[in-house]
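Data block for structure08.pdb (PDB, C-alpha atoms):
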```
ATOM      1  CA  MET H1343     -30.811 -11.785  69.033
ATOM      2  CA  GLY H1344     -29.709 -14.688  67.169
ATOM      3  CA  PHE H1345     -28.262 -15.318  63.774
ATOM      4  CA  GLN H1346     -30.697 -14.309  61.017
ATOM      5  CA  ILE H1347     -30.744 -16.784  58.133
ATOM      6  CA  ALA H1348     -33.308 -15.045  55.870
ATOM      7  CA  PRO H1349     -31.011 -12.152  54.771
ATOM      8  CA  MET H1350     -28.212 -14.663  54.085
ATOM      9  CA  ILE H1351     -30.491 -16.669  51.764
ATOM     10  CA  ASP H1352     -31.459 -13.453  49.963
ATOM     11  CA  VAL H1353     -27.791 -12.539  49.429
ATOM     12  CA  VAL H1354     -26.982 -16.055  48.154
ATOM     13  CA  PHE H1355     -29.894 -15.911  45.680
ATOM     14  CA  VAL H1356     -28.801 -12.475  44.423
ATOM     15  CA  ILE H1357     -25.224 -13.694  43.920
ATOM     16  CA  MET H1358     -26.469 -16.866  42.210
ATOM     17  CA  LEU H1359     -28.715 -14.781  39.937
ATOM     18  CA  PHE H1360     -25.743 -12.524  39.053
ATOM     19  CA  PHE H1361     -23.563 -15.496  38.042
ATOM     20  CA  MET H1362     -26.371 -17.068  36.014
ATOM     21  CA  VAL H1363     -26.888 -13.864  34.023
ATOM     22  CA  MET H1364     -23.152 -13.347  33.472
ATOM     23  CA  ALA H1365     -22.621 -16.948  32.338
ATOM     24  CA  GLY H1366     -24.980 -16.354  29.413
ATOM     25  CA  ALA H1367     -23.106 -13.203  28.363
ATOM     26  CA  MET H1368     -19.677 -14.860  28.184
ATOM     27  CA  LYS H1369     -18.236 -15.161  24.689
ATOM     28  CA  THR H1370     -16.850 -18.469  23.634
ATOM     29  CA  GLU H1371     -13.596 -18.593  21.734
ATOM     30  CA  ARG H1372     -13.783 -19.631  18.138
ATOM     31  CA  TYR H1373     -11.231 -20.929  15.702
ATOM     32  CA  LEU H1374      -9.796 -18.177  13.533
ATOM     33  CA  PRO H1375      -7.962 -19.494  10.494
ATOM     34  CA  ALA H1376      -4.580 -17.869   9.998
ATOM     35  CA  GLN H1377      -1.896 -18.342   7.412
ATOM     36  CA  LEU H1378       1.645 -18.042   8.678
ATOM     37  CA  PRO H1379       4.215 -16.241   6.559
ATOM     38  CA  GLY H1380       6.509 -18.347   4.501
ATOM     39  CA  ILE H1381       7.848 -18.789   1.004
ATOM     40  CA  PRO H1382       4.986 -18.387  -1.477
ATOM     41  CA  GLU H1383       4.627 -20.748  -4.379
ATOM     42  CA  LEU H1384       5.417 -18.946  -7.622
ATOM     43  CA  ASN H1385       2.570 -20.461  -9.616
ATOM     44  CA  HIS H1386      -0.006 -18.848  -7.296
ATOM     45  CA  ILE H1387       1.354 -15.302  -7.615
ATOM     46  CA  LYS H1388      -0.844 -13.123  -9.828
ATOM     47  CA  LEU H1389       0.832 -10.000 -11.086
ATOM     48  CA  PRO H1390      -1.390  -6.998 -11.767
ATOM     49  CA  ASP H1391      -2.671  -6.440 -15.258
ATOM     50  CA  VAL H1392      -0.761  -4.089 -17.531
ATOM     51  CA  GLU H1393      -2.406  -0.655 -17.375
ATOM     52  CA  ILE H1394      -1.437   1.963 -19.898
ATOM     53  CA  LEU H1395      -2.609   5.497 -20.558
ATOM     54  CA  LEU H1396      -2.956   6.889 -24.066
ATOM     55  CA  GLY H1397      -3.192  10.659 -24.142
ATOM     56  CA  VAL H1398      -4.596  12.490 -27.148
ATOM     57  CA  HIS H1399      -3.632  16.168 -27.045
ATOM     58  CA  GLU H1400      -5.042  19.227 -28.795
ATOM     59  CA  ASP H1401      -1.969  19.608 -31.019
ATOM     60  CA  GLY H1402      -2.384  16.049 -32.378
ATOM     61  CA  THR H1403       0.282  14.434 -30.203
ATOM     62  CA  VAL H1404      -0.571  10.951 -28.962
ATOM     63  CA  THR H1405       1.343   9.850 -25.845
ATOM     64  CA  LEU H1406       1.839   6.429 -24.314
ATOM     65  CA  ASN H1407       2.149   6.772 -20.520
ATOM     66  CA  GLN H1408       3.067  10.467 -21.027
ATOM     67  CA  GLU H1409       5.782   9.655 -23.580
ATOM     68  CA  SER H1410       5.336  10.923 -27.115
ATOM     69  CA  LEU H1411       6.270   8.351 -29.751
ATOM     70  CA  ASP H1412       5.129   9.757 -33.110
ATOM     71  CA  VAL H1413       5.034  13.216 -34.626
ATOM     72  CA  PRO H1414       1.610  14.916 -34.506
ATOM     73  CA  THR H1415       1.227  14.591 -38.296
ATOM     74  CA  ALA H1416       1.835  10.805 -38.481
ATOM     75  CA  LYS H1417      -1.472   9.319 -39.635
ATOM     76  CA  GLY H1418      -0.832   5.629 -38.918
ATOM     77  CA  LEU H1419       1.068   6.146 -35.629
ATOM     78  CA  PRO H1420       3.699   3.484 -36.525
ATOM     79  CA  ALA H1421       5.854   3.880 -33.400
ATOM     80  CA  LEU H1422       2.796   3.747 -31.127
ATOM     81  CA  THR H1423       1.465   0.665 -32.926
ATOM     82  CA  ALA H1424       4.817  -1.106 -32.552
ATOM     83  CA  ALA H1425       5.048  -0.226 -28.850
ATOM     84  CA  LEU H1426       1.482  -1.435 -28.241
ATOM     85  CA  HIS H1427       2.218  -4.659 -30.077
ATOM     86  CA  ARG H1428       5.294  -5.263 -27.877
ATOM     87  CA  LEU H1429       3.223  -4.578 -24.735
ATOM     88  CA  LYS H1430       0.502  -6.973 -25.890
ATOM     89  CA  THR H1431       3.031  -9.711 -26.679
ATOM     90  CA  ALA H1432       4.704  -9.330 -23.274
ATOM     91  CA  ALA H1433       1.352  -9.376 -21.481
ATOM     92  CA  ASP H1434       0.198 -12.450 -23.392
ATOM     93  CA  SER H1435       3.376 -14.311 -22.458
ATOM     94  CA  GLN H1436       2.635 -13.602 -18.767
ATOM     95  CA  LYS H1437      -1.094 -14.327 -19.278
ATOM     96  CA  ASP H1438      -2.069 -10.792 -18.289
ATOM     97  CA  LYS H1439      -4.626  -8.405 -19.706
ATOM     98  CA  VAL H1440      -3.699  -5.075 -21.204
ATOM     99  CA  LEU H1441      -5.987  -2.346 -19.899
ATOM    100  CA  VAL H1442      -5.946   0.909 -21.851
ATOM    101  CA  THR H1443      -7.418   4.262 -20.879
ATOM    102  CA  ILE H1444      -7.641   6.843 -23.640
ATOM    103  CA  GLU H1445      -7.631  10.345 -22.183
ATOM    104  CA  ALA H1446      -8.400  12.963 -24.778
ATOM    105  CA  GLU H1447      -8.152  16.661 -24.098
ATOM    106  CA  GLN H1448     -11.387  18.572 -24.584
ATOM    107  CA  GLU H1449     -10.264  20.254 -27.803
ATOM    108  CA  ALA H1450      -8.507  17.193 -29.267
ATOM    109  CA  ARG H1451      -9.547  16.166 -32.765
ATOM    110  CA  PHE H1452     -11.778  13.126 -32.986
ATOM    111  CA  GLU H1453      -9.746  11.903 -35.962
ATOM    112  CA  ARG H1454      -6.711  11.545 -33.676
ATOM    113  CA  VAL H1455      -8.723   9.447 -31.208
ATOM    114  CA  VAL H1456      -9.740   7.185 -34.117
ATOM    115  CA  ASP H1457      -6.063   6.891 -35.113
ATOM    116  CA  ALA H1458      -5.242   5.764 -31.568
ATOM    117  CA  LEU H1459      -8.115   3.258 -31.676
ATOM    118  CA  ASN H1460      -6.802   1.913 -34.989
ATOM    119  CA  ALA H1461      -3.349   1.451 -33.450
ATOM    120  CA  LEU H1462      -4.951  -0.481 -30.565
ATOM    121  CA  ALA H1463      -6.901  -2.622 -33.028
ATOM    122  CA  LYS H1464      -3.701  -3.450 -34.967
ATOM    123  CA  ALA H1465      -2.103  -4.552 -31.681
ATOM    124  CA  GLN H1466      -5.257  -6.609 -30.867
ATOM    125  CA  ILE H1467      -5.946  -4.775 -27.613
ATOM    126  CA  SER H1468      -9.625  -4.632 -26.740
ATOM    127  CA  ASN H1469      -9.924  -3.602 -23.055
ATOM    128  CA  ILE H1470     -10.318   0.142 -23.581
ATOM    129  CA  THR H1471     -11.904   2.874 -21.478
ATOM    130  CA  PHE H1472     -12.268   6.571 -22.277
ATOM    131  CA  GLY H1473     -11.745   9.674 -20.207
ATOM    132  CA  VAL H1474     -11.393  13.422 -20.649
ATOM    133  CA  ALA H1475      -8.137  14.983 -19.613
ATOM    134  CA  THR H1476      -8.461  17.943 -17.303
ATOM    135  CA  THR H1477      -6.004  20.814 -17.426
ATOM    136  CA  GLU H1478      -7.009  22.471 -14.160
ATOM    137  CA  LYS H1479      -4.165  23.624 -11.935
ATOM    138  CA  PHE H1480      -4.545  24.038  -8.211
TER
END
```
Here is the file; what I need is its structure written in the form of structure tokens.
Amino acid sequence: MGFQIAPMIDVVFVIMLFFMVMAGAMKTERYLPAQLPGIPELNHIKLPDVEILLGVHEDGTVTLNQESLDVPTAKGLPALTAALHRLKTAADSQKDKVLVTIEAEQEARFERVVDALNALAKAQISNITFGVATTEKF
């Protein structure tokens, strides 16, 4: 009984085959760009656009971000128009857009929505979306 070389060659080939297969499955490291924290440059900071909510209620009240400015019988909405004009001027000085969402209650008068649109037109605000206010309570 001597030393058998054939099983040793088989084992070496199996090990070599294992390493060849595993070498193909290895993942190579790649460069991942990363930005380290530091002091940002102020001219690259973009503040969010000015978003406001105009609510038109059933009783004729028009609110700006849930704050009533005019009486429900005021046709021209002078206080609302002045506030919108100030918002537009401030946003223009910061080079921002003014985004307006008009939320009218289901039973609100259409005439009041038109009054709110006229106030927005006087303030030269044109980015307007519409929604319906829901009064559901959970």
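The spacing separating CA of Glu1449 in chain H from CA of Lys1464 in chain H amounts to 25.6 Å.
The spacing separating CA of Leu1419 in chain H from CA of Lys1437 in chain H amounts to 26.3 Å.
In terms of minimum interatomic distance to Thr1443 in chain H, H:Leu1406 ranks closest within H:Ala1461, H:Ala1348, H:Ala1365, H:Leu1406, counting all atoms listed in the file.
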Return the padded bounding box of range 1434-1453 of chain H as lines of an AutoDock Vina configuration file: axis-aligned, built from all atoms listed in the file, 4 Å added on each side, with centre and edge lengths in Å to one decimal.
```
center_x = -4.2
center_y = 3.0
center_z = -27.1
size_x = 23.2
size_y = 42.6
size_z = 25.7
```
With all atoms listed in the file as the counted atoms, please give the residues lying no more than 10 Å from Thr1471 in chain H, apart from itself and same-chain residues fewer than 6 positions off, as an MDAnalysis selection string. chainID H and resid 1395 1441:1445
